[in-house]
Amino acid sequence: EIAEVTGVQTCALPICRMCNAPRDSASTATLSQLTAVSPIDGRYADKTVSLREYFSEFGLIKYRVQVEIAWLLRLAKERILPQLPPFDAASISLLQSIADNFDVAEAERVKAIERTTNHDVKAVEYYLKEKVAAAKPLPAQLSQATEFIHFACTSEDINNLSYALMLRDARAKVLLPTMRKIVDKLVQMAHSLAEVPMLSHTHGQPATPTTVGKEMANVVARLRPQIAALERGDAAADDDDTDTHVKQYAGGACVCCINSAHTPVTLRLGCSVM
């Protein structure tokens, strides 16, 4: 029932089963500016292409993989579970390589698993177990550790950190550099056009004389505080109030899976800068 058309998943049925309406030609059209659901991927796609690495579904899956691996490494390092001692260098290197080399092809494998699990985060867990099991050579420690992937976590424990990482990296690698370039250009224009006169307007009416350079300087004065606030993370949500999940493990060992701004996993991933 699902046909693949140039990488875009479309329904091949002539009648929509959800609303019993006949499908028009656009329902099987390839992705373009005219057929995109959102102008972000349509009209403005060439302006937002640098954000795809962070805010696409691929980006979300990539960060989920990073969080799951960071949590497993932390569980082992903290010696919380007798059955999960600290990993040796080979095991750490293998796990880190899975995160570092994650690409769109790997994300497609996660999506293939999801068609069986019908659960996006569970698909990431199964993907990681599959990758570890297929490793050649497989460190002996990891062969016994895969059942502790996602241990004591809910999907939201993984998701809220993943979203924080998406925002953190897009802010640092795309938004702030772009805003700084704009400021630099405006500063240049403010100086070069400082003596170019123009008539200002207010409420659509001619007002007092000004210069083009002065108006560019005004924009710089407004934009710089916004950049400073974004650098501090003022616009980010505070994740200090996320739930603490304490689960009992066989043998009486109390395991705390805490997702807050002060936990080892959060700090290791760098989410605390949000």
# chains A, B, ... in the order shown; residues from 1 in each chain; ligands from 1
>>> residues_around(residues="stretch 199-216 of chain A", least_positions_apart="2", cutoff="10 Å", atoms="only C-alpha atoms", output="number ranges by chain")
A: 183, 185-197, 218-221
>>> select_by_dssp(residues="stretch 28-228 of chain A", states="strand (DSSP E)", output="list in words")
Pro197, Met198, Leu199, Ser200, His201, Thr202, Gln205, Pro206, Ala207, Thr208, Pro209, Thr210 and Thr211 of chain A
>>> write_last_selection(atoms="all heavy atoms", output="CSV table (one decimal), in the first residue's frame")
chain,number,residue,atom,x,y,z
A,197,PRO,N,22.3,60.2,3.4
A,197,PRO,CA,21.0,60.7,4.0
A,197,PRO,C,19.8,59.9,3.5
A,197,PRO,O,19.8,59.4,2.4
A,197,PRO,CB,20.9,62.2,3.6
A,197,PRO,CG,21.6,62.2,2.3
A,197,PRO,CD,22.8,61.2,2.4
A,198,MET,N,18.8,59.9,4.4
A,198,MET,CA,17.5,59.2,4.0
A,198,MET,C,16.4,59.9,4.8
A,198,MET,O,16.7,60.4,5.9
A,198,MET,CB,17.6,57.7,4.1
A,198,MET,CG,17.7,57.2,5.6
A,198,MET,SD,17.6,55.4,5.8
A,198,MET,CE,15.8,55.2,5.5
A,199,LEU,N,15.2,59.8,4.4
A,199,LEU,CA,14.1,60.3,5.1
A,199,LEU,C,13.5,59.2,5.9
A,199,LEU,O,13.0,58.2,5.3
A,199,LEU,CB,13.1,60.9,4.1
A,199,LEU,CG,11.9,61.6,4.8
A,199,LEU,CD1,12.3,62.8,5.6
A,199,LEU,CD2,10.8,62.0,3.7
A,200,SER,N,13.4,59.3,7.2
A,200,SER,CA,12.8,58.3,8.0
A,200,SER,C,11.3,58.4,7.9
A,200,SER,O,10.7,59.4,7.5
A,200,SER,CB,13.3,58.4,9.5
A,200,SER,OG,12.9,59.7,10.0
A,201,HIS,N,10.6,57.4,8.4
A,201,HIS,CA,9.1,57.3,8.4
A,201,HIS,C,8.6,56.8,9.7
A,201,HIS,O,9.3,56.1,10.4
A,201,HIS,CB,8.6,56.4,7.3
A,201,HIS,CG,8.7,57.0,5.9
A,201,HIS,ND1,10.0,57.1,5.3
A,201,HIS,CD2,7.8,57.5,5.0
A,201,HIS,CE1,9.8,57.7,4.1
A,201,HIS,NE2,8.5,57.9,3.9
A,202,THR,N,7.4,57.3,10.1
A,202,THR,CA,6.8,56.8,11.2
A,202,THR,C,5.3,56.6,10.9
A,202,THR,O,4.7,57.5,10.4
A,202,THR,CB,7.0,57.7,12.5
A,202,THR,OG1,6.2,57.1,13.6
A,202,THR,CG2,6.5,59.1,12.2
A,205,GLN,N,4.3,57.8,7.6
A,205,GLN,CA,4.4,59.2,7.3
A,205,GLN,C,5.8,59.6,7.3
A,205,GLN,O,6.6,59.1,8.1
A,205,GLN,CB,3.6,60.0,8.3
A,205,GLN,CG,2.1,59.7,8.4
A,205,GLN,CD,1.3,60.0,7.2
A,205,GLN,OE1,1.6,61.0,6.5
A,205,GLN,NE2,0.4,59.1,6.8
A,206,PRO,N,6.2,60.5,6.4
A,206,PRO,CA,7.6,61.1,6.5
A,206,PRO,C,7.9,61.7,7.8
A,206,PRO,O,7.0,62.4,8.4
A,206,PRO,CB,7.6,62.1,5.3
A,206,PRO,CG,6.5,61.7,4.4
A,206,PRO,CD,5.4,61.1,5.3
A,207,ALA,N,9.1,61.5,8.3
A,207,ALA,CA,9.5,62.0,9.6
A,207,ALA,C,10.8,62.8,9.5
A,207,ALA,O,11.0,63.4,8.5
A,207,ALA,CB,9.6,60.9,10.6
A,208,THR,N,11.6,62.7,10.5
A,208,THR,CA,12.9,63.5,10.5
A,208,THR,C,13.9,62.8,9.6
A,208,THR,O,13.9,61.6,9.4
A,208,THR,CB,13.4,63.6,11.9
A,208,THR,OG1,13.6,62.3,12.4
A,208,THR,CG2,12.4,64.3,12.8
A,209,PRO,N,14.9,63.6,9.1
A,209,PRO,CA,16.0,63.1,8.3
A,209,PRO,C,16.9,62.2,9.2
A,209,PRO,O,17.0,62.4,10.4
A,209,PRO,CB,16.7,64.3,7.9
A,209,PRO,CG,15.8,65.4,8.0
A,209,PRO,CD,14.9,65.1,9.2
A,210,THR,N,17.5,61.2,8.6
A,210,THR,CA,18.4,60.3,9.3
A,210,THR,C,19.5,59.9,8.2
A,210,THR,O,19.5,60.5,7.1
A,210,THR,CB,17.7,59.1,9.9
A,210,THR,OG1,18.7,58.3,10.6
A,210,THR,CG2,17.0,58.3,8.8
A,211,THR,N,20.3,58.9,8.6
A,211,THR,CA,21.2,58.4,7.6
A,211,THR,C,21.1,56.9,7.5
A,211,THR,O,20.6,56.3,8.5
A,211,THR,CB,22.7,58.7,7.9
A,211,THR,OG1,23.1,58.0,9.1
A,211,THR,CG2,22.9,60.2,8.2
>>> atom_distance(atom1="atom CA of A:Thr30", atom2="atom CA of A:Asp46")
17.0 Å
>>> residues_around(residues="A:Ile149", least_positions_apart="6", cutoff="7 Å", atoms="only C-alpha atoms", output="ChimeraX atom specification")
/A:68,72,125
>>> select_by_dssp(residues="stretch 32-262 of chain A", states="helix (DSSP H, G or I)", output="JSON, numbers by chain")
{"A": [45, 46, 47, 48, 49, 50, 51, 52, 53, 54, 55, 57, 58, 59, 60, 61, 62, 63, 64, 65, 66, 67, 68, 69, 70, 71, 72, 73, 74, 75, 76, 77, 89, 90, 91, 92, 93, 94, 95, 96, 97, 98, 99, 100, 104, 105, 106, 107, 108, 109, 110, 111, 112, 113, 114, 115, 116, 117, 120, 121, 122, 123, 124, 125, 126, 127, 128, 129, 130, 131, 132, 133, 140, 141, 142, 143, 146, 147, 148, 155, 156, 157, 158, 159, 160, 161, 162, 163, 164, 165, 166, 167, 168, 169, 170, 171, 172, 173, 174, 175, 176, 177, 178, 179, 180, 181, 182, 183, 184, 185, 186, 187, 188, 189, 190, 191, 192, 212, 213, 214, 215, 216, 217, 218, 219, 220, 221, 222, 223, 224, 225, 226, 227, 228, 229, 230, 231, 232]}
>>> closest_residue(among="A:Ala145, A:Leu175, A:Leu60, A:Leu138", to="A:Pro85", atoms="only C-alpha atoms")
A:Ala145
>>> residues_around(residues="A:Phe148", least_positions_apart="6", cutoff="12 Å", atoms="only C-alpha atoms", output="ChimeraX atom specification")
/A:68-69,71-76,80-85,125-126,128-129,141-142,249
>>> closest_residue(among="A:Ile61, A:Ile98, A:Ala89, A:Leu34", to="A:Val110", atoms="only C-alpha atoms")
A:Ile61
>>> closest_residue(among="A:Asp41, A:Glu156, A:Asp88, A:Glu78", to="A:Phe55", atoms="only C-alpha atoms")
A:Asp41
>>> closest_residue(among="A:Thr116, A:Ser97, A:Gln226, A:Thr146", to="A:Leu176", atoms="only C-alpha atoms")
A:Gln226
